[in-house]
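Pasting entry09.csv here (CSV, C-alpha atoms and all ligand atoms):
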```csv
chain,number,residue,atom,x,y,z
A,1,MET,CA,0.0,0.0,0.0
A,2,ASN,CA,1.3,3.4,-1.0
A,3,VAL,CA,1.5,5.5,2.2
A,4,PRO,CA,2.2,9.2,1.4
A,5,ASP,CA,5.3,11.1,2.8
A,6,ILE,CA,3.7,12.2,6.0
A,7,ILE,CA,4.8,12.8,9.6
A,8,ILE,CA,3.2,10.4,12.1
A,9,ALA,CA,3.3,11.6,15.7
A,10,VAL,CA,2.9,8.9,18.4
A,11,ASP,CA,2.3,10.1,22.0
A,12,GLY,CA,1.4,8.5,25.2
A,13,PHE,CA,2.4,7.6,28.8
A,14,SER,CA,5.6,5.6,29.5
A,15,ALA,CA,5.7,2.0,28.5
A,16,THR,CA,2.5,2.0,26.5
A,17,GLY,CA,4.5,0.4,23.6
A,18,LYS,CA,5.0,3.5,21.5
A,19,SER,CA,8.5,2.7,20.3
A,20,THR,CA,7.6,-0.9,19.4
A,21,PHE,CA,4.6,0.3,17.5
A,22,ALA,CA,6.5,3.1,15.8
A,23,LYS,CA,9.4,0.9,14.8
A,24,MET,CA,7.0,-1.7,13.3
A,25,VAL,CA,5.1,0.9,11.3
A,26,ALA,CA,8.4,2.5,10.1
A,27,LYS,CA,9.7,-0.9,8.9
A,28,GLU,CA,6.4,-1.8,7.2
A,29,PHE,CA,6.0,1.5,5.3
A,30,ASP,CA,9.7,2.5,5.0
A,31,PHE,CA,9.6,5.5,7.3
A,32,LEU,CA,12.4,6.9,9.4
A,33,TYR,CA,11.8,6.2,13.0
A,34,LEU,CA,12.9,8.7,15.6
A,35,ASP,CA,12.7,8.2,19.4
A,36,SER,CA,12.4,11.6,21.0
A,37,GLY,CA,12.6,10.1,24.5
A,38,ALA,CA,16.1,8.9,23.6
A,39,MET,CA,17.2,12.6,23.2
A,40,TYR,CA,16.0,13.4,26.7
A,41,ARG,CA,17.7,10.3,28.0
A,42,GLY,CA,20.9,11.4,26.3
A,43,VAL,CA,20.8,14.8,27.9
A,44,THR,CA,20.2,13.1,31.3
A,45,LEU,CA,23.1,10.7,30.8
A,46,TYR,CA,25.4,13.5,29.9
A,47,ALA,CA,24.3,15.5,33.1
A,48,MET,CA,24.8,12.4,35.3
A,49,GLU,CA,28.2,11.6,33.9
A,50,ASN,CA,29.3,15.2,34.3
A,51,GLY,CA,28.3,15.6,37.9
A,52,MET,CA,25.3,17.8,37.2
A,53,ILE,CA,22.8,15.6,39.1
A,54,ALA,CA,23.3,15.2,42.8
A,55,GLU,CA,22.5,12.0,44.8
A,56,ASP,CA,19.2,13.5,46.0
A,57,GLY,CA,18.3,14.2,42.4
A,58,THR,CA,19.0,18.0,42.4
A,59,ILE,CA,19.9,19.2,38.9
A,60,ASP,CA,22.6,21.8,38.4
A,61,GLU,CA,20.6,23.7,35.8
A,62,LYS,CA,23.1,26.5,35.4
A,63,ALA,CA,25.9,24.1,34.5
A,64,LEU,CA,23.6,22.2,32.1
A,65,GLN,CA,22.4,25.3,30.4
A,66,ALA,CA,25.9,26.5,29.8
A,67,VAL,CA,26.8,23.5,27.7
A,68,ILE,CA,23.5,22.3,26.2
A,69,GLU,CA,23.6,24.1,22.9
A,70,GLY,CA,27.0,22.5,22.2
A,71,LEU,CA,25.9,19.0,23.0
A,72,ASP,CA,26.3,16.7,20.0
A,73,LEU,CA,23.4,14.3,20.4
A,74,HIS,CA,22.4,12.7,17.2
A,75,PHE,CA,20.9,9.6,15.6
A,76,GLN,CA,22.8,7.3,13.4
A,77,ASN,CA,21.6,4.3,11.4
A,78,ASP,CA,23.4,1.1,12.5
A,79,ASP,CA,22.3,-2.4,11.5
A,80,GLU,CA,19.0,-1.2,10.2
A,81,SER,CA,18.1,0.5,13.5
A,82,THR,CA,18.5,4.1,14.5
A,83,LYS,CA,20.8,4.6,17.5
A,84,LEU,CA,21.6,7.6,19.7
A,85,TYR,CA,25.1,8.9,19.7
A,86,LEU,CA,26.8,11.4,22.1
A,87,GLY,CA,29.6,12.7,19.9
A,88,ASP,CA,31.1,9.5,18.4
A,89,ARG,CA,30.0,7.3,21.3
A,90,CYS,CA,26.9,5.1,20.9
A,91,VAL,CA,24.9,5.5,24.1
A,92,GLU,CA,21.9,3.4,23.2
A,93,THR,CA,22.4,0.9,26.1
A,94,GLU,CA,23.4,3.4,28.8
A,95,ILE,CA,20.4,5.6,28.2
A,96,ARG,CA,18.0,2.7,29.0
A,97,THR,CA,19.1,2.0,32.6
A,98,LEU,CA,16.8,2.5,35.5
A,99,ALA,CA,19.2,5.1,36.9
A,100,VAL,CA,18.7,7.3,33.8
A,101,SER,CA,14.9,6.5,33.8
A,102,SER,CA,14.6,7.8,37.4
A,103,HIS,CA,16.2,11.2,36.5
A,104,VAL,CA,14.9,11.8,33.0
A,105,SER,CA,11.5,13.2,33.8
A,106,PRO,CA,12.8,16.2,35.9
A,107,VAL,CA,15.5,16.8,33.3
A,108,SER,CA,12.9,16.8,30.4
A,109,ALA,CA,10.7,19.3,32.3
A,110,ILE,CA,13.4,22.0,32.0
A,111,PRO,CA,12.4,24.5,29.3
A,112,PHE,CA,15.9,25.0,27.8
A,113,VAL,CA,16.3,21.2,27.5
A,114,ARG,CA,13.0,21.0,25.7
A,115,ASN,CA,13.9,23.8,23.4
A,116,TYR,CA,17.2,22.1,22.5
A,117,VAL,CA,15.6,18.7,21.9
A,118,ASP,CA,12.7,20.2,19.8
A,119,LYS,CA,15.1,22.0,17.5
A,120,ARG,CA,17.1,18.8,16.9
A,121,LEU,CA,14.1,16.7,16.4
A,122,ARG,CA,12.7,19.1,13.7
A,123,ALA,CA,16.1,19.2,12.0
A,124,PHE,CA,16.3,15.4,11.8
A,125,SER,CA,12.8,15.2,10.3
A,126,GLU,CA,13.3,17.5,7.4
A,127,GLY,CA,11.9,15.8,4.3
A,128,GLY,CA,9.1,14.0,6.1
A,129,ARG,CA,8.3,10.3,5.9
A,130,VAL,CA,9.0,10.2,9.6
A,131,ILE,CA,7.3,8.4,12.5
A,132,MET,CA,8.3,9.9,15.9
A,133,ASP,CA,7.3,8.8,19.4
A,134,GLY,CA,7.2,10.8,22.6
A,135,ARG,CA,5.0,12.9,24.9
A,136,ASP,CA,4.4,16.1,23.0
A,137,ILE,CA,5.1,15.3,19.4
A,138,GLY,CA,1.5,15.9,18.2
A,139,THR,CA,1.0,18.9,20.4
A,140,THR,CA,4.3,20.8,20.3
A,141,VAL,CA,7.0,19.3,18.1
A,142,PHE,CA,4.7,18.7,15.1
A,143,PRO,CA,1.3,20.2,15.8
A,144,ASN,CA,0.6,19.9,12.0
A,145,ALA,CA,1.5,16.2,11.8
A,146,GLU,CA,-0.7,14.5,9.2
A,147,LEU,CA,-1.5,11.6,11.5
A,148,LYS,CA,-1.5,11.6,15.3
A,149,VAL,CA,-1.7,8.5,17.4
A,150,PHE,CA,-2.2,8.5,21.2
A,151,MET,CA,-1.4,5.2,23.0
A,152,VAL,CA,-2.8,4.0,26.3
A,153,ALA,CA,-2.6,0.7,28.2
A,154,ASP,CA,-3.4,-0.7,31.6
A,155,GLU,CA,-0.8,0.3,34.3
A,156,GLN,CA,0.1,-3.3,35.4
A,157,VAL,CA,0.5,-4.4,31.8
A,158,ARG,CA,2.8,-1.5,31.1
A,159,ALA,CA,4.9,-2.3,34.1
A,160,GLN,CA,5.1,-6.0,33.2
A,161,ARG,CA,6.2,-5.1,29.6
A,162,ARG,CA,9.0,-2.9,31.0
A,163,TYR,CA,10.0,-5.6,33.5
A,164,ASP,CA,10.2,-8.3,30.7
A,165,GLU,CA,12.2,-5.9,28.5
A,166,MET,CA,14.8,-5.4,31.3
A,167,VAL,CA,15.0,-9.1,32.2
A,168,ALA,CA,15.6,-9.9,28.6
A,169,LYS,CA,18.5,-7.5,28.6
A,170,GLY,CA,20.0,-9.3,31.6
A,171,ASP,CA,18.9,-6.8,34.3
A,172,THR,CA,17.4,-7.9,37.6
A,173,PRO,CA,14.7,-5.3,38.2
A,174,VAL,CA,12.2,-5.2,41.1
A,175,PHE,CA,8.7,-5.1,39.8
A,176,GLU,CA,7.4,-2.7,42.4
A,177,ASP,CA,10.3,-0.3,41.6
A,178,ILE,CA,9.1,-0.2,38.0
A,179,VAL,CA,5.5,0.4,39.0
A,180,LYS,CA,6.7,3.3,41.2
A,181,ASN,CA,9.0,4.7,38.5
A,182,LEU,CA,6.2,4.6,35.9
A,183,ALA,CA,3.7,6.3,38.2
A,184,GLU,CA,6.2,9.1,39.1
A,185,ARG,CA,7.0,9.7,35.4
A,186,ASP,CA,3.4,9.7,34.4
A,187,TYR,CA,2.8,12.4,37.1
A,188,ILE,CA,5.8,14.6,36.2
A,189,ASP,CA,5.2,14.2,32.4
A,190,SER,CA,1.6,15.3,32.6
A,191,HIS,CA,1.9,18.0,35.2
A,192,ARG,CA,5.0,20.0,34.0
A,193,GLU,CA,4.5,23.5,32.8
A,194,THR,CA,6.3,23.3,29.4
A,195,SER,CA,4.6,21.0,26.9
A,196,PRO,CA,2.9,18.6,29.3
A,197,LEU,CA,1.8,15.2,28.1
A,198,ARG,CA,-1.7,15.4,26.8
A,199,GLN,CA,-3.8,13.8,24.2
A,200,PRO,CA,-3.9,15.9,21.0
A,201,GLU,CA,-7.6,16.7,20.1
A,202,ASP,CA,-7.1,15.3,16.6
A,203,ALA,CA,-5.4,12.1,17.7
A,204,TYR,CA,-6.6,8.6,17.1
A,205,VAL,CA,-6.5,6.8,20.4
A,206,MET,CA,-5.2,3.2,20.6
A,207,ASP,CA,-5.7,1.1,23.8
A,208,ASN,CA,-3.3,-1.8,23.2
A,209,THR,CA,-3.8,-3.5,26.6
A,210,HIS,CA,-5.1,-6.6,24.9
A,211,MET,CA,-3.8,-6.1,21.4
A,212,THR,CA,-1.1,-8.1,19.6
A,213,LEU,CA,1.5,-6.3,17.5
A,214,HIS,CA,-0.2,-7.6,14.4
A,215,GLU,CA,-3.5,-6.2,15.5
A,216,GLU,CA,-1.8,-2.8,16.1
A,217,LEU,CA,-0.4,-2.8,12.6
A,218,VAL,CA,-3.8,-3.7,11.1
A,219,TRP,CA,-5.4,-0.9,13.2
A,220,CYS,CA,-2.8,1.6,11.9
A,221,LEU,CA,-3.4,0.5,8.3
A,222,GLY,CA,-7.1,1.0,8.7
A,223,VAL,CA,-6.6,4.5,10.1
A,224,ILE,CA,-4.3,5.5,7.3
A,225,GLN,CA,-6.7,4.1,4.7
A,226,GLY,CA,-9.6,5.9,6.2
A,227,LYS,CA,-7.8,9.2,6.7
A,228,PHE,CA,-6.1,9.4,3.3
A,229,GLY,CA,-8.9,7.8,1.3
A,230,ILE,CA,-6.7,4.9,0.1
A,231,LEU,CA,-8.9,2.3,-1.5
A,232,GLU,CA,-6.0,-0.1,-2.5
A,233,ALA,CA,-6.3,-3.5,-0.9
A,234,PRO,CA,-3.9,-3.6,2.1
A,235,SER,CA,-1.0,-6.0,2.0
A,236,LEU,CA,1.2,-6.5,5.0
A,237,SER,CA,4.6,-8.1,5.1
A,238,TRP,CA,3.4,-10.3,8.0
A,301,LIG,O1,9.8,7.4,26.1
A,301,LIG,P1,10.8,7.4,27.2
A,301,LIG,O2,10.4,6.6,28.4
A,301,LIG,O3,12.1,7.0,26.6
A,301,LIG,O4,11.0,8.9,27.6
A,301,LIG,C1,11.9,9.3,28.6
A,301,LIG,C2,11.4,10.6,29.3
A,301,LIG,O5,11.5,11.7,28.4
A,301,LIG,C3,10.0,10.6,29.8
A,301,LIG,O6,9.9,10.3,31.1
A,301,LIG,C4,9.4,11.9,29.4
A,301,LIG,C5,10.4,12.5,28.5
A,301,LIG,N1,9.9,12.8,27.2
A,301,LIG,C6,9.3,14.0,27.0
A,301,LIG,O7,9.1,14.8,28.0
A,301,LIG,N2,8.9,14.4,25.8
A,301,LIG,C7,9.0,13.6,24.7
A,301,LIG,N3,8.6,14.0,23.5
A,301,LIG,C8,9.6,12.3,24.9
A,301,LIG,C9,10.1,12.0,26.2
```
In structure tokens, what does this structure look like?
Ligand code: DC
Amino acid sequence: MNVPDIIIAVDGFSATGKSTFAKMVAKEFDFLYLDSGAMYRGVTLYAMENGMIAEDGTIDEKALQAVIEGLDLHFQNDDESTKLYLGDRCVETEIRTLAVSSHVSPVSAIPFVRNYVDKRLRAFSEGGRVIMDGRDIGTTVFPNAELKVFMVADEQVRAQRRYDEMVAKGDTPVFEDIVKNLAERDYIDSHRETSPLRQPEDAYVMDNTHMTLHEELVWCLGVIQGKFGILEAPSLSW
């Protein structure tokens, strides 16, 4: 099926399966996938490694603000997937630890951090045919995105998915810590002053609590067909 060169914005709470969904759609329709959360995680990792986040979580905003515009965070395509680089160092693994997860929401609430990330995300998306996931893609980064998806899922199911993901990577997480971390991030992400997480009015809402990945893809195809008036019979690669 011929999908036009559009921007697809995917937003939702943590661990609702946004990146899995977005990567799958990107692969199916040959779109560039960009993970905006990775950029916030990259800034957080940099701040942690450079002593800008104290034990109690206090962020040295002055120090971070002084260096942020010179921070070389970018995406690079390796082995068919897009990975985050800090300078010439791939930081894809380091940015996914629970330590980074527990500091990333307050870092991402800082207006100058959001401004830096927004600028970079827009630059990486020039030319379109991009699917990007995050919290404010359809509201702030690309308010004119041609297609907006807002993903929701049951809290326990979300925590279980994150838990399984970490175990698969060889971590030994405590389930209750993940539940707590998700609840804290949900709260901070949706209550911050700058670009809080909220459902765009013109978004299609997907509750994937009981959906398989294949069902998500079929759902997306149906939305695209309906929205762009595509009559061609759908054919999926799987
Ligand atoms: O999607 P994620 O869990 O990797 O995102 C990490 C954090 O970054 C999340 O707690 C909120 C923040 N974030 C944001 O504020 N805006 C975005 N567009 C993407 C992520």
Residues of chain A that have any atom at most 6 Å from an atom of ligand LIG 301 (chain A): could you tabulate them with the shortest-distance atom pair and the distance in Å to one decimal, using only C-alpha atoms and all ligand atoms, ordered by chain and increasing number, as JSON lines?
```
{"residue": "A:Ser14", "atom": "CA", "partner": "A:LIG301", "partner_atom": "O2", "distance": 5.0}
{"residue": "A:Ser36", "atom": "CA", "partner": "A:LIG301", "partner_atom": "C8", "distance": 4.9}
{"residue": "A:Gly37", "atom": "CA", "partner": "A:LIG301", "partner_atom": "C9", "distance": 3.6}
{"residue": "A:Ala38", "atom": "CA", "partner": "A:LIG301", "partner_atom": "O3", "distance": 5.3}
{"residue": "A:Tyr40", "atom": "CA", "partner": "A:LIG301", "partner_atom": "O5", "distance": 5.1}
{"residue": "A:Arg41", "atom": "CA", "partner": "A:LIG301", "partner_atom": "C1", "distance": 5.9}
{"residue": "A:Val104", "atom": "CA", "partner": "A:LIG301", "partner_atom": "C2", "distance": 5.2}
{"residue": "A:Ser105", "atom": "CA", "partner": "A:LIG301", "partner_atom": "O6", "distance": 4.3}
{"residue": "A:Ser108", "atom": "CA", "partner": "A:LIG301", "partner_atom": "O7", "distance": 4.9}
{"residue": "A:Gly134", "atom": "CA", "partner": "A:LIG301", "partner_atom": "N3", "distance": 3.6}
{"residue": "A:Arg135", "atom": "CA", "partner": "A:LIG301", "partner_atom": "N3", "distance": 4.0}
{"residue": "A:Asp136", "atom": "CA", "partner": "A:LIG301", "partner_atom": "N3", "distance": 4.7}
{"residue": "A:Ile137", "atom": "CA", "partner": "A:LIG301", "partner_atom": "N3", "distance": 5.5}
{"residue": "A:Arg185", "atom": "CA", "partner": "A:LIG301", "partner_atom": "O6", "distance": 5.2}
{"residue": "A:Asp189", "atom": "CA", "partner": "A:LIG301", "partner_atom": "C4", "distance": 5.7}
```
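The closest residue to Glu176 of chain A, picked from A:Ala159, A:Ala123, A:Val3, A:Ile188 and counting all atoms listed in the file, is A:Ala159.
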Checklist entry - Which residues come within 10 Å of segment 209-220 of chain A, counting only C-alpha atoms, excluding same-chain residues fewer than 3 positions away, as a PyMOL selection string? => result chain A and resi 16-17+20-22+24-25+28+149+151-158+204+206+223-226+234-236+238
Thr97 of chain A surroundings by only C-alpha atoms, 9 Å radius, close-in-sequence under 4 positions cut, as an mmCIF file with C-alpha atoms, in the frame of the given file:
```
data_model
loop_
_atom_site.group_PDB
_atom_site.id
_atom_site.type_symbol
_atom_site.label_atom_id
_atom_site.label_comp_id
_atom_site.auth_asym_id
_atom_site.auth_seq_id
_atom_site.Cartn_x
_atom_site.Cartn_y
_atom_site.Cartn_z
ATOM 1 C CA THR A 93 22.400 0.900 26.100
ATOM 2 C CA SER A 101 14.900 6.500 33.800
ATOM 3 C CA SER A 102 14.600 7.800 37.400
ATOM 4 C CA MET A 166 14.800 -5.400 31.300
ATOM 5 C CA ASP A 171 18.900 -6.800 34.300
#
```
Show me a table, sorted first by chain and then by increasing residue number, of the residues of segment 107-217 of chain A having an atom at most 9 Å from segment 56-69 of chain A, each with its shortest atom pair and the distance in Å to one decimal, counting all atoms listed in the file and written as a Markdown table.
```
| residue | atom | partner | partner_atom | distance |
| --- | --- | --- | --- | --- |
| A:Val107 | CA | A:Ile59 | CA | 7.5 |
| A:Ile110 | CA | A:Glu61 | CA | 8.3 |
| A:Phe112 | CA | A:Gln65 | CA | 7.0 |
| A:Val113 | CA | A:Ile68 | CA | 7.4 |
| A:Tyr116 | CA | A:Glu69 | CA | 6.7 |
```
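In this structure, atom CA of His103 of chain A sits 6.8 Å away from atom CA of Thr44 of chain A.
Residues in contact with Arg122 of chain A at up to 8 Å, not including ones fewer than 4 positions away on its chain and judged by all atoms listed in the file, are A:Asp118, A:Glu126, A:Val141.
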Next on the checklist: Give me, as a PyMOL selection string, all polymer residues having an atom no more than 10 Å from Asp72 of chain A, counting only C-alpha atoms and skipping those fewer than 6 positions away in the same chain.
Outcome noted: chain A and resi 42-43+85-88+120
Checklist entry - Within 9 Å of Glu193 of chain A, counting all atoms listed in the file, which residues qualify if same-chain residues fewer than 3 places away don't, as JSON, numbers by chain? => result {"A": [109, 111, 190, 196]}
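Computed from the coordinates, the atom CA of Gly222 of chain A to atom CA of Leu147 of chain A distance equals 12.3 Å.
Among the candidates A:Ala168, A:Met48, A:Ala145, A:Val100, the one nearest to Gly128 of chain A when counting all atoms listed in the file is A:Ala145.
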